[in-house]
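All remarks here apply to the structure that follows.
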Amino acid sequence: MPQGDYVELHQKRYGRQMDHEERKRKREAREVKKKSALAQKLIGLKGKMNAKKNFKEKVAMKKTIAQHSERDNKHKAEEKAPDGAVPAYLLDREQTARAKVLSNTIKQKRKEKAGKWEVPLPKVRPVAEDEMFKVLRTGKRMKKSWKRMITKATFVGQGFTRKPPKYERFIRPTGMRMTKAHTTHPELKCTFQLDIIGVKKNPNGNMYSQLGVLTKGTIIEVNVSELGLVTPGGKVVWGKYAQVTNNPENDGCVNAVLLV
Amino acid sequence: MVHYNFKKIGVVPAAKDFIDIVLSKTQRKTPTVVHKGYAIARIRKFYMRKVKYTQENWHEKLSAILDEFPRVDDIHPFYADLLNVLYDKDHYKLALGQLNMARNLIDKISKDYVRMMKYADSLYRCKTLKKAALGRMCTLMKKQNASLTYLDQVRQHMSRLPSIDPNTRTLLVCGYPNVGKSSFMNKVTRADVEVQPYAFTTKSLFVGHTDYKYLRWQVIDTPGILDRPLEERNTIEMQSITALAHLRACVMYVVDISEQCGYTIKQQASLFHSIKPLFANKPLMVVCNKTDVTAIDSLGADDKELLRGMHSAACEGLEADQMDGIAGDLASIPTMSVLTEDSVSNVKSMACEMLLRSRVEMKLKGKSANEVLNRIHVAMPTPRDSEARPALIPEMVTEMRAKREAGERRKTERDLQEANGGAGVYSADFRKNYMLENDDWKYDIMPEILDGHNVLDFVDPDIEAKLDELEREEEELQRLAEEEGQDAMEDEVSDLEEDEKELLGKIKRRKAKIIETHREKKSAADNAPKVPRKLDKERKSNTRTMRTEMASLGYDPSAAVERARTRSQSRTGRKRQRDKSMDMDTDEQERGRSLSRVDARSMSRGRSQTPGGGIKDLETAKKALKIADKMQFKRNKLAKRGEGDRHIPDLKPKHLLTGKRGIGKTDRR
């Protein structure tokens, strides 16, 4: 026992007070009442947090009880058929597998030709122009209103230089420019922070795609060299498409889902 | 001398609690109300404030943690090594590094989101941005949970480390487990170290303090060390090794010669030799313990050889003049038995002496000693002749010293007390040293209370002298007054006739009397009677007793009684009248009496008025008294000390009328 542990040393030498067990028992019994009083008294946010905490405890308790009584529970015995199992009357036949293994690249090329993609968010709420742009007044008397400021998140690319301020029509503020996207791999279920290479298509229109506006449902291209994907031909994949799944202007970050 | 105080480190909360603390602080300390209809700048400001406030809070709390934890590189190497042994320096540094990084990341998050919020143009957008910012900060901290819990455990353990000062005089006790190190500690210091028969009872360093030569010495008890290579040592042993390596102390290597600890002398000697490199530059002492079981002479020859070897190794550090062949001498090995307390203090003194010597040596060798020595010069006066001039010691002192040398001790009061029954029984006679004029009065009984009053209230050492003076003064004044009267009379005697002269004299005397009484009244601070009412319990100072007493003395009291009845205020006048009547002849007496009657008639009206205070007559005086009474009545009923003794109530207590509601509006309280 270290030198400074006076409490423990005293307890070791002289023991606890005589009614220690009694008091402990009574105190623990009172905890129940205190807990319920608190649950009734707390209101507002604190009340919700308390209720949530209690609920979690309850669930955990139920689970442990269920686990403990696992031994006595009875379950239905299910017999699943193994893969490739064939019913008895077909056992004599030979199975011919005629599936043609098509490479992924060919599939993608076909899809591109068709102009159809399977995306996680097929339908997206349309964004109106007045929601997208904010009118900026310019001129000596502040009467001209041909400039627009984009109120959504944008992507500009590395070599971007803006047009001379006198002539630029669409202003993409620096604060709203995003360079990284938090992309989730749908099968691996893990998220990586990957660089955006470019904006492929914005469902609200071509103009927005050209401007590089990132709204919900936009298809972007991300740099996946971090993931270390390799084509069957042996080439390293470093760019893949992803679709934006949140509203970046509300959350301050771009969340995307990798397209296969 | 820096005394490390690791107890002041603040508690490091777990991640969940930390988040709760910071977020609830933001909720309490920033404005809570914002509406859609406000100007967008106001909305933005509101939410930006929340984000900034939270960031500042996190920054402050994390900085506090990072500052309070000691930096392993900045503290004394002993403590640095000890922390490394106990908590693993790498893990410790990593944990702190993670918190530092978290702090920087939080700052970055806040900056980014505040920048984004400038372009938000609706309340909803601002709100979601703020939510995202705070959420990100909190998820960041949730990931630091492991570091936070580790740091809290470190803090708890560190605050209980014994406060060892690495720079002061220290004795370090080391050896195999169970040789008697902790018992030695218990004997020498007031530290209460556990002593048990099993090995590794002491699991950490213990500190105790002891005194030697009016100086404070630290005694450090270490856990036992086993004979193993350094890599295989466990944490407990490593603590002793750390202490041995870093503390500049006198090392006492304790050997159990009775082998009761379970290790032979051979094993103990081999351990000694294996850790010898740690004893470099330190005064070393090999101590044999448990001599009550086995005497050192009864050991075998090879055991003695081993002990000699250890002892000579220990003596290598000593100076050549101190060696003197003790290296090979078995008798010079310090032995002790802690159980029977045999020569424990000898051993301690030896160790302290060794350390003192070595410390003094070190200081002399160093630069600063030389600097001081160069500046110090003791000047001895050159003798002008061969006469010896010794110091002057008074006779009494030399006598006392001789007595003390001879062994005589003066009998003190305490001795008397002990002789006569002890503290509760004997009461000291302090009267024997009283210094009085007459020594017979020493044991006289002085009354303290007489007639219910303290005698000392009325005692005055100069009372006789004062009385004489007063009487003399009175006589003087009387004489002057008489002379004045006579002189005045002689001036205009020739001009006047007989009865006119008489009248003149009367008038003059009356005038003088008026002036006299007026002066008395002015000088008298209060016109209370000279014998206060409280001393006159039996009500003896009244005219009746006066009459009887005067009659018993042989005088005619009627005049005096009449005067007293009319002039109830003044008393000194009465005395004067009496004297006059005693000293002068009859016609003077008559005149005096007639005068008094005249005075009595005219003075009574004036005397009944209470003078002073600007009150012109009795009516107004009475009214004034009544008003004063009325004013005081209520206050006195409430037992107030005065008009200033008043209670000022607090009609709008701050704690009831301020603050926000948890839920709901604050329209009414």
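Following the order of the structure tokens, chains are lettered A, B, ..., residues in each are numbered from 1, and ligands are numbered from 1.
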
- Please report, as JSON, numbers by chain, each residue of stretch 11-258 of chain A to which DSSP assigns alpha helix (DSSP H) when run on this structure's backbone. {"A": [11, 12, 13, 14, 20, 21, 22, 23, 24, 25, 26, 27, 28, 29, 30, 31, 32, 33, 34, 35, 36, 37, 38, 39, 40, 41, 44, 45, 46, 47, 48, 49, 50, 51, 52, 53, 54, 55, 56, 57, 58, 59, 60, 61, 62, 63, 64, 65, 66, 67, 68, 104, 105, 106, 107, 108, 109, 110, 111, 112, 113, 114, 129, 130, 131, 132, 206, 207, 208, 209, 210, 211, 248, 249, 250, 251]}

Can you spit out the residues from that selection as a PDB file, in the first residue's frame, using C-alpha atoms?
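Writing done, so here's selection06.pdb:
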ATOM      1  CA  GLN A  11      -9.473   0.510   7.096  1.00  0.00           C
ATOM      2  CA  LYS A  12      -6.947  -2.268   6.990  1.00  0.00           C
ATOM      3  CA  ARG A  13      -5.816  -1.698  10.527  1.00  0.00           C
ATOM      4  CA  TYR A  14      -9.034  -0.860  12.311  1.00  0.00           C
ATOM      5  CA  HIS A  20     -21.114  -0.227   7.784  1.00  0.00           C
ATOM      6  CA  GLU A  21     -22.850  -3.159   6.135  1.00  0.00           C
ATOM      7  CA  GLU A  22     -26.220  -2.012   7.362  1.00  0.00           C
ATOM      8  CA  ARG A  23     -25.729   1.506   6.161  1.00  0.00           C
ATOM      9  CA  LYS A  24     -24.514   0.354   2.799  1.00  0.00           C
ATOM     10  CA  ARG A  25     -27.478  -1.892   2.340  1.00  0.00           C
ATOM     11  CA  LYS A  26     -29.911   0.854   3.260  1.00  0.00           C
ATOM     12  CA  ARG A  27     -28.217   3.354   1.031  1.00  0.00           C
ATOM     13  CA  GLU A  28     -28.409   1.070  -1.939  1.00  0.00           C
ATOM     14  CA  ALA A  29     -32.064   0.475  -1.217  1.00  0.00           C
ATOM     15  CA  ARG A  30     -32.698   4.187  -1.212  1.00  0.00           C
ATOM     16  CA  GLU A  31     -31.045   4.626  -4.605  1.00  0.00           C
ATOM     17  CA  VAL A  32     -34.143   3.266  -6.269  1.00  0.00           C
ATOM     18  CA  LYS A  33     -36.294   6.000  -4.774  1.00  0.00           C
ATOM     19  CA  LYS A  34     -33.799   8.680  -5.642  1.00  0.00           C
ATOM     20  CA  LYS A  35     -33.655   7.504  -9.200  1.00  0.00           C
ATOM     21  CA  SER A  36     -37.394   7.612  -9.614  1.00  0.00           C
ATOM     22  CA  ALA A  37     -37.662  10.993  -7.931  1.00  0.00           C
ATOM     23  CA  LEU A  38     -35.072  12.374 -10.306  1.00  0.00           C
ATOM     24  CA  ALA A  39     -36.839  10.897 -13.313  1.00  0.00           C
ATOM     25  CA  GLN A  40     -40.046  12.623 -12.269  1.00  0.00           C
ATOM     26  CA  LYS A  41     -38.419  15.902 -11.373  1.00  0.00           C
ATOM     27  CA  GLY A  44     -36.663  19.599 -20.576  1.00  0.00           C
ATOM     28  CA  LEU A  45     -33.404  18.531 -22.122  1.00  0.00           C
ATOM     29  CA  LYS A  46     -32.063  17.092 -18.911  1.00  0.00           C
ATOM     30  CA  GLY A  47     -35.182  15.024 -18.529  1.00  0.00           C
ATOM     31  CA  LYS A  48     -34.775  13.623 -22.019  1.00  0.00           C
ATOM     32  CA  MET A  49     -31.153  12.782 -21.419  1.00  0.00           C
ATOM     33  CA  ASN A  50     -31.995  11.089 -18.179  1.00  0.00           C
ATOM     34  CA  ALA A  51     -34.769   9.092 -19.814  1.00  0.00           C
ATOM     35  CA  LYS A  52     -32.430   8.031 -22.587  1.00  0.00           C
ATOM     36  CA  LYS A  53     -29.812   6.916 -20.111  1.00  0.00           C
ATOM     37  CA  ASN A  54     -32.360   4.920 -18.142  1.00  0.00           C
ATOM     38  CA  PHE A  55     -33.672   3.339 -21.293  1.00  0.00           C
ATOM     39  CA  LYS A  56     -30.221   2.222 -22.312  1.00  0.00           C
ATOM     40  CA  GLU A  57     -29.663   0.703 -18.905  1.00  0.00           C
ATOM     41  CA  LYS A  58     -32.978  -1.077 -19.123  1.00  0.00           C
ATOM     42  CA  VAL A  59     -32.186  -2.510 -22.517  1.00  0.00           C
ATOM     43  CA  ALA A  60     -28.774  -3.677 -21.380  1.00  0.00           C
ATOM     44  CA  MET A  61     -30.290  -5.291 -18.333  1.00  0.00           C
ATOM     45  CA  LYS A  62     -32.889  -7.090 -20.403  1.00  0.00           C
ATOM     46  CA  LYS A  63     -30.246  -8.389 -22.736  1.00  0.00           C
ATOM     47  CA  THR A  64     -28.110  -9.772 -19.964  1.00  0.00           C
ATOM     48  CA  ILE A  65     -31.120 -11.443 -18.428  1.00  0.00           C
ATOM     49  CA  ALA A  66     -31.992 -12.965 -21.766  1.00  0.00           C
ATOM     50  CA  GLN A  67     -28.442 -14.164 -22.139  1.00  0.00           C
ATOM     51  CA  HIS A  68     -28.441 -15.708 -18.711  1.00  0.00           C
ATOM     52  CA  ASN A 104     -16.605  -4.516 -64.819  1.00  0.00           C
ATOM     53  CA  THR A 105     -15.183  -2.108 -67.322  1.00  0.00           C
ATOM     54  CA  ILE A 106     -17.287  -3.490 -70.119  1.00  0.00           C
ATOM     55  CA  LYS A 107     -20.356  -3.172 -67.987  1.00  0.00           C
ATOM     56  CA  GLN A 108     -19.557   0.392 -67.206  1.00  0.00           C
ATOM     57  CA  LYS A 109     -18.930   1.198 -70.858  1.00  0.00           C
ATOM     58  CA  ARG A 110     -22.280  -0.224 -71.767  1.00  0.00           C
ATOM     59  CA  LYS A 111     -23.961   1.803 -69.072  1.00  0.00           C
ATOM     60  CA  GLU A 112     -22.233   4.954 -70.184  1.00  0.00           C
ATOM     61  CA  LYS A 113     -23.401   4.379 -73.706  1.00  0.00           C
ATOM     62  CA  ALA A 114     -26.900   3.875 -72.482  1.00  0.00           C
ATOM     63  CA  GLU A 129     -32.670  29.390 -58.882  1.00  0.00           C
ATOM     64  CA  ASP A 130     -33.471  31.915 -56.209  1.00  0.00           C
ATOM     65  CA  GLU A 131     -32.465  29.376 -53.614  1.00  0.00           C
ATOM     66  CA  MET A 132     -29.209  28.721 -55.397  1.00  0.00           C
ATOM     67  CA  ASN A 206     -26.019  21.650 -66.761  1.00  0.00           C
ATOM     68  CA  MET A 207     -25.266  25.145 -65.625  1.00  0.00           C
ATOM     69  CA  TYR A 208     -24.797  23.955 -62.098  1.00  0.00           C
ATOM     70  CA  SER A 209     -22.602  21.095 -63.191  1.00  0.00           C
ATOM     71  CA  GLN A 210     -20.390  23.558 -65.006  1.00  0.00           C
ATOM     72  CA  LEU A 211     -20.246  25.881 -62.043  1.00  0.00           C
ATOM     73  CA  PRO A 248     -23.225  20.434 -47.726  1.00  0.00           C
ATOM     74  CA  GLU A 249     -24.252  24.014 -47.076  1.00  0.00           C
ATOM     75  CA  ASN A 250     -26.120  22.942 -43.938  1.00  0.00           C
ATOM     76  CA  ASP A 251     -23.547  20.567 -42.562  1.00  0.00           C
TER      77      ASP A 251
END

- Query: Within 6 Å of A:Gln243, counting only C-alpha atoms, which residues qualify if same-chain residues fewer than 5 places away don't, as a list in words?
  - Reply: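 Counting only C-alpha atoms, the residues come to Gly217, Thr218, Ile219, Ala256 and Val257 of chain A.
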
Let me see the file: selected residues, all heavy atoms, as an mmCIF file, in the first residue's frame.
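Now in result.cif:
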data_model
loop_
_atom_site.group_PDB
_atom_site.id
_atom_site.type_symbol
_atom_site.label_atom_id
_atom_site.label_comp_id
_atom_site.auth_asym_id
_atom_site.auth_seq_id
_atom_site.Cartn_x
_atom_site.Cartn_y
_atom_site.Cartn_z
ATOM 1 N N GLY A 217 -27.330 14.850 -54.224
ATOM 2 C CA GLY A 217 -27.572 14.084 -55.423
ATOM 3 C C GLY A 217 -26.545 14.312 -56.519
ATOM 4 O O GLY A 217 -26.582 13.649 -57.556
ATOM 5 N N THR A 218 -25.628 15.232 -56.317
ATOM 6 C CA THR A 218 -24.606 15.506 -57.333
ATOM 7 C C THR A 218 -23.647 14.328 -57.437
ATOM 8 O O THR A 218 -23.254 13.754 -56.420
ATOM 9 C CB THR A 218 -23.824 16.761 -56.945
ATOM 10 O OG1 THR A 218 -24.732 17.778 -56.564
ATOM 11 C CG2 THR A 218 -22.966 17.259 -58.075
ATOM 12 N N ILE A 219 -23.297 14.005 -58.702
ATOM 13 C CA ILE A 219 -22.296 12.956 -58.902
ATOM 14 C C ILE A 219 -20.938 13.627 -58.979
ATOM 15 O O ILE A 219 -20.728 14.541 -59.776
ATOM 16 C CB ILE A 219 -22.551 12.183 -60.205
ATOM 17 C CG1 ILE A 219 -24.011 11.793 -60.312
ATOM 18 C CG2 ILE A 219 -21.637 10.976 -60.311
ATOM 19 C CD1 ILE A 219 -24.437 10.662 -59.455
ATOM 20 N N ALA A 256 -20.581 11.554 -49.087
ATOM 21 C CA ALA A 256 -20.924 10.918 -50.359
ATOM 22 C C ALA A 256 -20.862 9.410 -50.229
ATOM 23 O O ALA A 256 -20.268 8.878 -49.288
ATOM 24 C CB ALA A 256 -19.960 11.396 -51.453
ATOM 25 N N VAL A 257 -21.497 8.755 -51.158
ATOM 26 C CA VAL A 257 -21.484 7.295 -51.199
ATOM 27 C C VAL A 257 -20.823 6.887 -52.499
ATOM 28 O O VAL A 257 -21.168 7.389 -53.568
ATOM 29 C CB VAL A 257 -22.923 6.745 -51.129
ATOM 30 C CG1 VAL A 257 -23.014 5.373 -51.740
ATOM 31 C CG2 VAL A 257 -23.399 6.714 -49.704
#

- Which residues of chain A are close to chain B, meaning at most 9 Å apart when you count only C-alpha atoms, and how do they look as a VMD selection string? chain A and resid 1 to 5 43 to 44 151 to 152 173 175 to 176 249 to 253

Once you have the residues from the selection above, write them out as a compact mmCIF listing (two decimals), in the first residue's frame, restricted to N, CA and C atoms.
# COMPACT_ATOMS: atom_id res chain seq x y z
N MET A 1 0.83 -1.19 0.00
CA MET A 1 0.00 0.00 0.00
C MET A 1 0.87 1.25 0.00
N PRO A 2 0.67 2.15 -0.92
CA PRO A 2 1.52 3.35 -0.98
C PRO A 2 1.38 4.19 0.29
N GLN A 3 2.34 5.08 0.47
CA GLN A 3 2.39 5.79 1.73
C GLN A 3 1.21 6.71 1.93
N GLY A 4 0.69 7.23 0.83
CA GLY A 4 -0.33 8.26 0.99
C GLY A 4 -1.74 7.71 1.14
N ASP A 5 -1.92 6.40 1.08
CA ASP A 5 -3.28 5.85 1.13
C ASP A 5 -3.76 5.74 2.57
N ILE A 43 -36.97 17.98 -16.10
CA ILE A 43 -37.79 18.31 -17.26
C ILE A 43 -36.89 18.90 -18.32
N GLY A 44 -37.41 18.96 -19.51
CA GLY A 44 -36.66 19.60 -20.58
C GLY A 44 -35.57 18.69 -21.10
N THR A 151 -24.99 30.35 -53.15
CA THR A 151 -25.15 30.14 -51.71
C THR A 151 -24.91 28.69 -51.31
N LYS A 152 -24.60 27.84 -52.26
CA LYS A 152 -24.39 26.43 -51.92
C LYS A 152 -22.91 26.12 -51.95
N PRO A 173 -17.95 32.00 -53.29
CA PRO A 173 -17.16 32.47 -52.13
C PRO A 173 -16.21 31.39 -51.63
N GLY A 175 -15.30 30.67 -48.70
CA GLY A 175 -15.76 29.95 -47.53
C GLY A 175 -16.60 28.74 -47.88
N MET A 176 -17.21 28.76 -49.05
CA MET A 176 -18.11 27.68 -49.42
C MET A 176 -17.45 26.68 -50.35
N GLU A 249 -24.21 22.66 -47.63
CA GLU A 249 -24.25 24.01 -47.08
C GLU A 249 -24.82 24.03 -45.66
N ASN A 250 -25.59 23.00 -45.30
CA ASN A 250 -26.12 22.94 -43.94
C ASN A 250 -25.17 22.27 -42.97
N ASP A 251 -24.40 21.33 -43.48
CA ASP A 251 -23.55 20.57 -42.56
C ASP A 251 -22.09 21.00 -42.59
N GLY A 252 -21.71 21.78 -43.56
CA GLY A 252 -20.33 22.22 -43.61
C GLY A 252 -19.37 21.18 -44.13
N CYS A 253 -19.87 20.02 -44.56
CA CYS A 253 -18.99 19.00 -45.09
C CYS A 253 -19.75 18.23 -46.16

- Message: Neighbouring residues of B:Leu271 were defined as those with any atom within 10 Å, considering only C-alpha atoms; residues of the same chain fewer than 5 positions away were excluded. Please report them as a PyMOL selection string.
- Response: chain B and resi 175-176+225-228+265-266+276

Would you output that residue set with C-alpha atoms, as a PDB file, in the first residue's frame?
ATOM      1  CA  GLY B 175      18.705  -4.557   0.386  1.00  0.00           C
ATOM      2  CA  TYR B 176      16.958  -7.858  -0.167  1.00  0.00           C
ATOM      3  CA  ILE B 225      15.614  -5.759  -4.827  1.00  0.00           C
ATOM      4  CA  LEU B 226      16.294  -9.231  -6.177  1.00  0.00           C
ATOM      5  CA  ASP B 227      19.432 -10.289  -7.953  1.00  0.00           C
ATOM      6  CA  ARG B 228      18.364 -10.148 -11.556  1.00  0.00           C
ATOM      7  CA  ILE B 265      24.695 -14.018   3.000  1.00  0.00           C
ATOM      8  CA  LYS B 266      26.297 -15.211  -0.218  1.00  0.00           C
ATOM      9  CA  LYS B 276      27.652  -1.664  -6.930  1.00  0.00           C
TER      10      LYS B 276
END

- Task: Assign secondary structure with DSSP using the backbone only, and return the residues of stretch 48-220 of chain A in strand (DSSP E or B) as a PyMOL selection string.
- Result: chain A and resi 133-138+144-150+153-154+170-171+177+180-184+191-201+213-214+219-220

Residue selection dump (C-alpha atoms) as a compact mmCIF listing (two decimals), in the first residue's frame:
# COMPACT_ATOMS: atom_id res chain seq x y z
CA PHE A 133 -28.21 32.28 -56.22
CA LYS A 134 -28.17 35.46 -54.26
CA VAL A 135 -28.43 38.67 -56.23
CA LEU A 136 -25.60 41.13 -55.68
CA ARG A 137 -26.09 44.75 -56.57
CA THR A 138 -23.25 46.61 -58.15
CA LYS A 144 -27.18 46.82 -61.57
CA SER A 145 -28.05 43.35 -60.51
CA TRP A 146 -26.43 40.99 -62.93
CA LYS A 147 -24.01 39.39 -60.45
CA ARG A 148 -24.94 36.30 -58.61
CA MET A 149 -23.40 34.74 -55.53
CA ILE A 150 -23.77 31.01 -55.11
CA ALA A 153 -21.15 24.50 -51.53
CA THR A 154 -18.99 24.48 -54.66
CA PHE A 170 -21.08 33.99 -60.68
CA ILE A 171 -19.25 34.43 -57.46
CA ARG A 177 -15.50 25.85 -51.45
CA LYS A 180 -12.72 16.86 -49.57
CA ALA A 181 -15.63 14.51 -49.38
CA HIS A 182 -16.37 11.93 -46.70
CA THR A 183 -17.13 8.97 -48.92
CA THR A 184 -18.56 5.72 -47.67
CA THR A 191 -15.86 6.09 -44.56
CA PHE A 192 -12.80 7.75 -45.93
CA GLN A 193 -11.97 11.38 -46.44
CA LEU A 194 -11.10 11.57 -50.13
CA ASP A 195 -10.17 14.48 -52.37
CA ILE A 196 -12.71 15.61 -54.94
CA ILE A 197 -11.39 15.57 -58.47
CA GLY A 198 -14.35 17.14 -60.15
CA VAL A 199 -18.09 17.52 -60.41
CA LYS A 200 -19.53 15.13 -62.96
CA LYS A 201 -23.20 15.98 -62.96
CA VAL A 213 -22.13 23.37 -57.35
CA LEU A 214 -22.41 20.54 -54.84
CA ILE A 219 -22.30 12.96 -58.90
CA ILE A 220 -18.68 13.78 -58.13

- Message: Show me, as an MDAnalysis selection string, the residues that have an atom within 12 Å of A:Phe160 when counting only C-alpha atoms, minus same-chain residues fewer than 2 positions from it.
- Response: chainID A and resid 155:158 162:163 172 174 177 198 211:212

Residues from the last selection, N, CA, C and O atoms, saved as a compact mmCIF listing (two decimals), in the first residue's frame:
# COMPACT_ATOMS: atom_id res chain seq x y z
N PHE A 155 -17.28 23.31 -55.83
CA PHE A 155 -15.94 22.76 -55.97
C PHE A 155 -15.30 23.46 -57.16
O PHE A 155 -15.91 23.56 -58.22
N VAL A 156 -14.07 23.96 -56.95
CA VAL A 156 -13.47 24.75 -58.03
C VAL A 156 -12.25 24.10 -58.66
O VAL A 156 -11.84 24.49 -59.72
N GLY A 157 -11.63 23.14 -58.05
CA GLY A 157 -10.45 22.57 -58.69
C GLY A 157 -9.20 23.34 -58.34
O GLY A 157 -9.23 24.51 -57.92
N GLN A 158 -8.07 22.70 -58.56
CA GLN A 158 -6.84 23.27 -58.04
C GLN A 158 -6.33 24.45 -58.83
O GLN A 158 -5.87 25.43 -58.28
N ARG A 162 -10.14 32.97 -60.83
CA ARG A 162 -11.42 33.53 -61.21
C ARG A 162 -11.25 34.59 -62.29
O ARG A 162 -10.16 35.13 -62.46
N LYS A 163 -12.33 34.89 -62.90
CA LYS A 163 -12.32 35.91 -63.96
C LYS A 163 -12.10 37.26 -63.30
O LYS A 163 -12.34 37.40 -62.09
N ARG A 172 -18.21 32.52 -56.49
CA ARG A 172 -18.17 31.34 -55.62
C ARG A 172 -17.33 31.70 -54.41
O ARG A 172 -16.11 31.75 -54.49
N THR A 174 -15.04 31.88 -51.14
CA THR A 174 -13.99 30.94 -50.69
C THR A 174 -14.47 30.09 -49.54
O THR A 174 -14.09 28.93 -49.41
N ARG A 177 -16.16 26.79 -50.53
CA ARG A 177 -15.50 25.85 -51.45
C ARG A 177 -15.07 24.62 -50.68
O ARG A 177 -14.44 24.71 -49.62
N GLY A 198 -13.51 16.24 -59.36
CA GLY A 198 -14.35 17.14 -60.15
C GLY A 198 -15.81 16.83 -59.96
O GLY A 198 -16.18 15.83 -59.37
N LEU A 211 -20.72 25.01 -63.12
CA LEU A 211 -20.25 25.88 -62.04
C LEU A 211 -19.57 25.09 -60.93
O LEU A 211 -18.80 25.63 -60.15
N GLY A 212 -19.91 23.80 -60.85
CA GLY A 212 -19.29 23.00 -59.80
C GLY A 212 -20.02 23.06 -58.49
O GLY A 212 -19.41 22.90 -57.43

- Query: What is the distance between atom CA of B:Phe272 and atom CA of B:Lys89, in Å to one decimal?
  - Reply: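 Interatomic distance here is 28.8 Å.
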
- Query: Just how far from atom CA of B:Ala39 is atom CA of A:Ala128, in Å to one decimal?
  - Reply: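 These atoms are spaced 23.3 Å apart.
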